[in-house]
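A.B. asks: Attaching a single structure in structure tokens format; questions to follow.
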Amino acid sequence: MPDNTSKLTRRRFLTATAGGIVSAGLLNLTPARTLAQESDGDTAAAGGNIIHRTLGRTGLNVPIVSMGVMNASNPEIVQASYEIGIRHFDTAAYYQFGRNEQMVGSVINRLKARDKIVLASKIHTPGQRRGLPPEESKKKLIEACEASLRRLGTDFIDVLYVHDVGDPETVADKAIIEGMEILKEQKKVLYTGVATHTRMNEVIEAVVQGGFYDVVLTAVNFTMAENTALLESIRKAAEQGVAIVAMKALAGGARWPNPQARQNYSSSTIATAALKWVLRNENIATSIPGYTNYEHMQEDFSVARNLEYTDEEKKLLSDNNVKLSLGYCHQCRKCLATCPEGVDIPNLMRTHMYAAQYGNFHQARATLNDIPSGAGLRHCGDCSSCRAQCANTVDIAHRIEELKMIYC
Ligand code: SF4
Ligand code: SF4
């Protein structure tokens, strides 16, 4: 039923919650950059205060649960997130072909909240994508940032990421670094970062060694508990003042119809357990779950007040069947060697995650479009060589079949 009544109730709840925060003196309305220095309290208080952490050497201080706006297209959710206490919003030029930035910018400006929040966006570097000469790449990078600023309706971005970095060479790319330096000199960008979901530990190590970027947005979740290389690189980065922001924290599958997990656990348990697993690691500053409705927003943000596991969450995290049934693609790229047609299986698995798990068909289409010609869906010859080749129990062939049903 819909839902004016329940919406009203939610609105009242949110207003009451925000009011409670204000009256408790916890909703600091000073600019985010000042806020950073004033509320550096990493204290976990069960059911109590919002836990904040500092984004490494940037000094920006935010609640440990932020909003990944990628999947959202309803401005009300962005506004409600601000009202509930979220102070860090993550978007990208690429999301919804620019409309995601426009939506975030319009809400933030309507709320007159620009100075109270940390705004992060991402751009694909033209050099990285099209192999342009360095000067041209630098120029296009600056233009891409300026286009983001226009869509966001702001003069500056707090953290600008290079989007989708999957190798250490891109981290060290001089043209990108010089372009970012110009943007910082012009005060269009305050801090820089890289976003990665492929070869994450190598990318993070390169950021630490390079010393230029301030933040890494990385995929990390409980299905990676045995990835000691990744966890160690995260530890080293935090030690060196490089902020780690977590994405894919729900392992892609917490809220999609996963029969095995859903049989035994509620979606709320799966989501909060997964987020807590990530955020109990104090080397991770914040996470950006990509919720799209009020209920999920409240579930996710509840973690910002309490990182203690419930008995049910502990049970879920120790249940190997859950991990297996999620079939989360770690983007390790090991399956590439198994395909006689050179199909870009990892990016097809990401396409599948966006379409089937997130229900974000914009992002799925954009990911599909980015696959180099000759390695796309249509080149899959259904040979089944990749079936059962994945150590992470991703049912590759089945997911490719589903993608073909949608896109071919
Ligand atoms: S499908 Fe499996 S082998 Fe291929 S990239 Fe994903 S996790 Fe790695
Ligand atoms: S089924 Fe398709 S993706 Fe898998 S190995 Fe064969 S050609 Fe490659």
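Chains: A, B, ... in order of the structure tokens. Residues: from 1 per chain. Ligands: from 1, in order shown.
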Need to verify the contact set: stretch 103-106 of chain A, 10 Å, only C-alpha atoms, exclusion of same-chain residues closer than 5 positions in sequence. Can you return it as JSON, numbers by chain?

C.D. replies: {"A": [69, 72, 73, 74, 75, 76, 78, 79, 89, 90, 91, 98, 111, 112, 113, 114, 119, 148, 149, 150, 151, 152, 153, 154]}

A.B. asks: May I have the residues from that selection written out with C-alpha atoms, as an mmCIF file, in the first residue's frame?

C.D. replies:
```
data_model
loop_
_atom_site.group_PDB
_atom_site.id
_atom_site.type_symbol
_atom_site.label_atom_id
_atom_site.label_comp_id
_atom_site.auth_asym_id
_atom_site.auth_seq_id
_atom_site.Cartn_x
_atom_site.Cartn_y
_atom_site.Cartn_z
ATOM 1 C CA VAL A 69 24.438 7.763 -4.533
ATOM 2 C CA ALA A 72 19.563 6.384 -6.327
ATOM 3 C CA SER A 73 17.468 8.528 -8.610
ATOM 4 C CA ASN A 74 15.090 9.926 -6.001
ATOM 5 C CA PRO A 75 16.256 13.264 -4.591
ATOM 6 C CA GLU A 76 14.125 12.663 -1.490
ATOM 7 C CA VAL A 78 19.453 12.166 -0.712
ATOM 8 C CA GLN A 79 17.656 14.780 1.364
ATOM 9 C CA PHE A 89 27.940 11.855 -0.542
ATOM 10 C CA ASP A 90 29.679 9.898 -3.262
ATOM 11 C CA THR A 91 28.704 10.294 -6.907
ATOM 12 C CA GLY A 98 25.674 12.848 -15.377
ATOM 13 C CA LEU A 111 19.343 22.485 1.521
ATOM 14 C CA LYS A 112 22.109 25.128 1.485
ATOM 15 C CA ALA A 113 24.297 22.349 2.813
ATOM 16 C CA ARG A 114 27.343 22.580 0.567
ATOM 17 C CA LEU A 119 31.203 15.882 -1.702
ATOM 18 C CA SER A 148 31.200 17.821 -13.055
ATOM 19 C CA LEU A 149 31.356 21.130 -11.184
ATOM 20 C CA ARG A 150 28.679 22.566 -13.466
ATOM 21 C CA ARG A 151 26.404 19.545 -12.957
ATOM 22 C CA LEU A 152 26.974 19.618 -9.203
ATOM 23 C CA GLY A 153 26.359 23.375 -9.071
ATOM 24 C CA THR A 154 29.389 23.980 -6.885
#
```

A.B. asks: With only C-alpha atoms as the counted atoms, please give the residues lying no more than 12 Å from A:Glu402, apart from itself and same-chain residues fewer than 2 positions off, as a ChimeraX atom specification.

C.D. replies: /A:348-349,351-353,355-356,377,395-400,404-408

A.B. asks: Please find the residues contacting ligand 2 at a distance of at most 10 Å between atoms, with only C-alpha atoms and all ligand atoms counted, and report them as number ranges by chain.

C.D. replies: A: 335-346, 348, 375-389, 396-401

A.B. asks: Which residues of stretch 171-209 of chain A have any atom within 10 Å of an atom in stretch 47-67 of chain A when counting only C-alpha atoms, and what is the closest pair of atoms for each, with the distance in Å to one decimal? Order the rows by chain and rising number and write it as a Markdown table.

C.D. replies:
```
| residue | atom | partner | partner_atom | distance |
| --- | --- | --- | --- | --- |
| A:Leu190 | CA | A:Thr58 | CA | 8.7 |
| A:Tyr191 | CA | A:Thr58 | CA | 7.0 |
| A:Thr192 | CA | A:Thr58 | CA | 9.5 |
```

A.B. asks: Return as a list of chain:residue names every polymer residue, whether protein, DNA or RNA, with at least one atom no more than 6 Å from an atom of ligand 1; count only C-alpha atoms and all ligand atoms.

C.D. replies: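 Answer in the requested format: A:Cys329, A:His330, A:Gln331, A:Cys332, A:Arg333, A:Lys334, A:Cys335, A:Pro346, A:Cys390, A:Asn392, A:Val394, A:Ile396.
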
A.B. asks: Can you list, as a ChimeraX atom specification, every protein, DNA or RNA residue that comes within 12 Å of A:Asp319 when you count only C-alpha atoms, leaving out same-chain residues fewer than 3 positions away?

C.D. replies: /A:222-223,260-261,264-265,270,273,312-316,322-326
